[in-house]
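Raw run_3.cif, mmCIF, C-alpha atoms:
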data_structure
#
loop_
_atom_site.label_atom_id
_atom_site.label_comp_id
_atom_site.auth_asym_id
_atom_site.auth_seq_id
_atom_site.Cartn_x
_atom_site.Cartn_y
_atom_site.Cartn_z
CA MET A 1 218.34 183.88 247.38
CA ALA A 2 220.78 181.22 246.19
CA ASN A 3 219.59 177.86 244.85
CA ILE A 4 216.06 177.55 246.17
CA CYS A 5 215.22 174.44 248.13
CA CYS A 6 211.49 173.79 248.54
CA ASP A 7 210.71 172.29 251.94
CA ASP A 8 207.25 170.93 252.74
CA VAL A 9 206.91 169.96 256.39
CA TYR A 10 204.09 168.33 258.31
CA PHE A 11 204.22 168.54 262.09
CA TYR A 12 201.82 165.94 263.48
CA SER A 13 200.61 164.14 266.57
CA THR A 14 197.82 161.70 267.29
CA ASP A 15 198.11 162.05 271.06
CA ASN A 16 199.17 165.66 271.64
CA PRO A 17 196.63 168.03 270.09
CA ASN A 18 197.67 170.72 272.59
CA GLY A 19 201.19 170.67 271.15
CA LEU A 20 199.86 171.15 267.62
CA ASN A 21 197.55 173.95 268.72
CA ALA A 22 200.39 175.69 270.56
CA LEU A 23 202.64 175.43 267.49
CA TRP A 24 199.92 176.89 265.29
CA ASP A 25 199.27 179.76 267.69
CA ASP A 26 202.98 180.55 268.03
CA LEU A 27 203.57 180.42 264.27
CA ASN A 28 200.73 182.87 263.73
CA LYS A 29 202.21 185.22 266.32
CA ALA A 30 205.81 184.95 265.09
CA ILE A 31 205.41 184.78 261.32
CA SER A 32 203.92 187.73 259.45
CA PHE A 33 203.33 187.53 255.72
CA ASN A 34 202.25 191.20 255.73
CA ASP A 35 205.51 192.56 257.14
CA PRO A 36 208.03 193.00 254.30
CA MET A 37 210.88 193.10 256.81
CA SER A 38 210.13 189.67 258.30
CA ASN A 39 209.16 188.09 254.97
CA GLY A 40 208.06 184.91 256.74
CA TRP A 41 211.56 184.18 258.04
CA LEU A 42 211.60 181.01 260.14
CA GLY A 43 214.10 182.65 262.49
CA ASN A 44 211.23 184.82 263.76
CA TRP A 45 209.76 181.75 265.46
CA PHE A 46 213.09 181.13 267.25
CA ALA A 47 213.21 184.77 268.36
CA PHE A 48 209.59 184.61 269.54
CA LYS A 49 210.31 181.46 271.59
CA GLU A 50 213.67 182.88 272.76
CA ILE A 51 215.55 179.82 271.52
CA PRO A 52 219.25 180.38 270.76
CA THR A 53 220.08 179.98 267.07
CA GLU A 54 223.85 179.52 267.21
CA ASN A 55 224.86 176.74 264.77
CA ILE A 56 221.28 176.39 263.44
CA TYR A 57 220.91 177.03 259.72
CA LEU A 58 217.86 179.29 259.28
CA ARG A 59 218.18 180.71 255.78
CA GLY A 60 214.58 180.25 254.67
CA ASN A 61 211.13 181.76 254.65
CA ILE A 62 207.72 180.24 255.28
CA ILE A 63 205.56 180.83 252.21
CA ASP A 64 202.46 178.90 253.29
CA MET A 65 200.94 177.49 256.49
CA ASP A 66 197.87 175.39 257.15
CA LYS A 67 196.38 173.38 260.01
CA ASN A 68 193.94 170.53 260.40
CA GLU A 69 192.99 168.35 263.34
CA HIS A 70 196.11 166.18 263.30
CA SER A 71 198.80 168.29 261.63
CA VAL A 72 200.33 171.67 260.94
CA PHE A 73 201.77 172.14 257.46
CA ILE A 74 204.41 174.70 256.51
CA ALA A 75 206.00 175.25 253.10
CA LEU A 76 209.32 177.08 252.90
CA SER A 77 211.74 178.44 250.36
CA THR A 78 215.21 177.90 251.73
CA ALA A 79 218.71 178.46 250.42
CA TRP A 80 220.63 175.42 249.25
CA THR A 81 219.45 172.85 251.77
CA PRO A 82 216.55 171.81 254.02
CA LEU A 83 216.30 173.33 257.49
CA TYR A 84 216.10 169.90 259.10
CA ASP A 85 217.75 170.85 262.40
CA ALA A 86 215.33 173.75 262.83
CA TYR A 87 212.34 171.45 262.26
CA GLN A 88 213.72 169.02 264.83
CA ILE A 89 213.91 171.78 267.42
CA ILE A 90 210.35 172.90 266.64
CA ALA A 91 209.03 169.34 267.00
CA GLU A 92 210.91 168.81 270.28
CA THR A 93 209.61 172.12 271.66
CA TYR A 94 205.99 170.99 271.27
CA GLN A 95 206.57 167.25 271.79
CA ILE A 96 205.25 166.36 268.36
CA HIS A 97 206.67 164.67 265.25
CA PHE A 98 207.47 165.90 261.75
CA VAL A 99 208.09 164.64 258.22
CA LEU A 100 209.84 166.54 255.46
CA LYS A 101 209.82 166.48 251.67
CA SER A 102 212.53 168.63 250.17
CA ILE A 103 213.48 169.29 246.53
CA GLU A 104 216.44 171.30 245.26
CA PRO A 105 217.37 170.09 241.76
CA GLY A 106 220.54 172.20 241.48
CA CYS A 107 222.06 170.46 244.50
CA GLY A 108 220.53 167.05 243.72
CA ILE A 109 218.33 167.11 246.82
CA TYR A 110 215.29 164.83 246.66
CA TYR A 111 214.50 163.99 250.28
CA ASN A 112 211.42 162.41 251.79
CA THR A 113 211.48 161.40 255.46
CA ASP A 114 207.90 160.07 255.49
CA LEU A 115 208.61 156.34 255.71
CA THR A 116 204.90 155.45 255.99
CA GLY A 117 203.79 157.65 253.10
CA ASP A 118 200.96 159.08 255.19
CA PHE A 119 201.79 162.69 254.29
CA PHE A 120 204.24 162.36 251.39
CA PRO A 121 203.72 159.15 249.41
CA ASP A 122 206.18 160.29 246.72
CA GLU A 123 209.03 157.96 245.78
CA TYR A 124 210.22 159.43 242.46
CA CYS A 125 210.47 162.87 240.86
CA VAL A 126 210.94 163.71 237.18
CA THR A 127 212.79 166.76 235.90
CA TYR A 128 213.70 167.72 232.35
CA CYS A 129 214.96 170.59 230.22
CA ASN A 130 212.67 170.62 227.20
CA GLU A 131 208.92 170.20 227.64
CA SER A 132 208.41 170.21 223.85
CA TYR A 133 210.75 167.23 223.37
CA ILE A 134 208.90 164.64 221.24
CA THR A 135 208.94 161.24 222.93
CA PRO A 136 209.00 157.92 221.03
CA SER A 137 205.18 157.81 221.29
CA GLY A 138 204.99 161.03 219.22
CA GLU A 139 203.73 163.17 222.10
CA SER A 140 205.61 166.06 223.63
CA LEU A 141 207.00 165.28 227.05
CA GLY A 142 205.29 168.30 228.65
CA GLN A 143 201.86 167.06 227.55
CA ARG A 144 202.15 163.92 229.67
CA VAL A 145 204.63 164.70 232.46
CA GLU A 146 204.83 167.89 234.51
CA ILE A 147 208.24 169.23 235.44
CA GLU A 148 209.04 167.98 238.96
CA GLU A 149 206.06 165.62 238.82
CA CYS A 150 206.21 163.06 241.61
CA PHE A 151 205.21 159.41 241.49
CA SER A 152 204.23 157.31 244.49
CA SER A 153 205.38 153.97 243.08
CA GLU A 154 207.82 152.49 240.62
CA ALA A 155 204.87 150.87 238.81
CA SER A 156 203.11 154.21 238.18
CA LEU A 157 206.36 155.80 237.00
CA LEU A 158 207.16 152.92 234.64
CA GLN A 159 203.60 152.87 233.26
CA ARG A 160 203.63 156.60 232.43
CA PHE A 161 206.93 156.31 230.59
CA HIS A 162 205.93 153.05 228.93
CA ASP A 163 202.98 154.95 227.46
CA LEU A 164 205.49 157.52 226.15
CA GLY A 165 207.52 154.81 224.38
CA TYR A 166 210.13 154.00 227.01
CA PRO A 167 209.68 150.30 227.83
CA ALA A 168 211.58 149.67 231.04
CA ASP A 169 211.29 147.01 233.70
CA SER A 170 212.85 149.01 236.52
CA TYR A 171 213.59 152.50 237.71
CA GLN A 172 217.30 151.99 236.98
CA GLN A 173 216.60 150.85 233.42
CA LEU A 174 214.25 153.79 232.81
CA LYS A 175 216.83 156.19 234.18
CA LEU A 176 219.35 154.91 231.62
CA LEU A 177 216.81 155.13 228.76
CA THR A 178 215.95 158.77 229.44
CA GLU A 179 219.10 160.52 230.63
CA ASP A 180 220.50 161.06 227.10
CA TYR A 181 217.37 163.11 226.36
CA GLU A 182 217.85 165.37 229.40
CA ILE A 183 215.04 163.65 231.26
CA TRP A 184 216.15 162.88 234.80
CA ILE A 185 214.35 160.56 237.17
CA HIS A 186 215.24 160.94 240.80
CA GLN A 187 214.46 158.57 243.63
CA PHE A 188 213.65 160.22 246.95
CA GLU A 189 215.94 159.31 249.82
CA ASN A 190 216.02 159.86 253.56
CA PRO A 191 219.54 160.96 254.50
CA TYR A 192 218.50 161.52 258.14
CA ASN A 193 217.95 157.85 259.03
#
Please re-express this file's structure in structure tokens.
Amino acid sequence: MANICCDDVYFYSTDNPNGLNALWDDLNKAISFNDPMSNGWLGNWFAFKEIPTENIYLRGNIIDMDKNEHSVFIALSTAWTPLYDAYQIIAETYQIHFVLKSIEPGCGIYYNTDLTGDFFPDEYCVTYCNESYITPSGESLGQRVEIEECFSSEASLLQRFHDLGYPADSYQQLKLLTEDYEIWIHQFENPYN
């Protein structure tokens, strides 16, 4: 696969549990993790539901699924970009809603459509090249920050990096302090608004 985009999607409803149950049942019928030929391809759901796929980007595989009372979660590995249009069609089919968090560092994709933060509270994501880089505090970066670690607030992000010796008063200031050391701080955006 090309650049791998990691999509995490929650389909949810507070007033249509039948829609969620139907989605879960159909996913389990259409997606087989045991069949090497299907490999969890999301297009199998479209084929199962007999929904035309012309002009719908479907280059991605479901790698995990889970369900609880109010949501169905799917995680996908996709090529280059999120499969947003496909998720919209799925949600419309069952008359439910969805939120998406998508990360693809090579293409600069850091998307989060969860405006309430109920499913994905993340606002920032940190990436870097060298986990053994020694920060101004004397600790290696990898000891205190995981690669692609997400932060739910500017305050928590700034505090972690302040503890590492990067005193900054804002995300923008921190971004400038760290970029020369191949530490990149990305702010999630919602390009679908």
Looking at A:Asp15, A:Ala22, A:His186, A:Ile74, which one is nearest to Glu123 (chain A), with distances taken over only C-alpha atoms? A:His186
So which residues get picked by the PyMOL selection byres ((chain A and resi 188) around 12) here, written as a PyMOL selection string? chain A and resi 100-105+108-115+117+120-126+150-154+185-187+189-191
Please provide as a count of residues only all residues within 9 Å of region 161-177 of chain A, with the sequence filter that same-chain residues fewer than 5 positions apart are discarded (counting all atoms listed in the file). 17
Lys29 (chain A) environment, 10 Å, all atoms listed in the file, sequence neighbours closer than 6 positions dropped, as a list in words: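 Listing them by chain and then by number gives Leu23, Asn44, Trp45 and Phe48 of chain A.
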Got a sec: who's within 12 Å of Val9 (chain A), counting all atoms listed in the file, leaving out chain neighbours fewer than 2 positions off, as a VMD selection string? chain A and resid 6 to 7 11 to 12 62 to 67 71 to 77 82 to 84 86 to 88 90 to 91 97 to 103 111 to 114 119 to 120
Atomic separation - CA of Gln95 (chain A) relative to CA of Asn16 (chain A), Å: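 Separation between CA of Asn16 (chain A) and CA of Gln95 (chain A): 7.6 Å.
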Find the residue from A:Arg160, A:Arg59, A:Pro52, A:Ile96 that sits nearest to Asn39 (chain A); use only C-alpha atoms when measuring.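 The answer is A:Arg59, which sits nearest to Asn39 (chain A).
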In Å, how far is it from CA of His70 (chain A) to CA of Ser13 (chain A)?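 Separation between CA of His70 (chain A) and CA of Ser13 (chain A): 5.9 Å.
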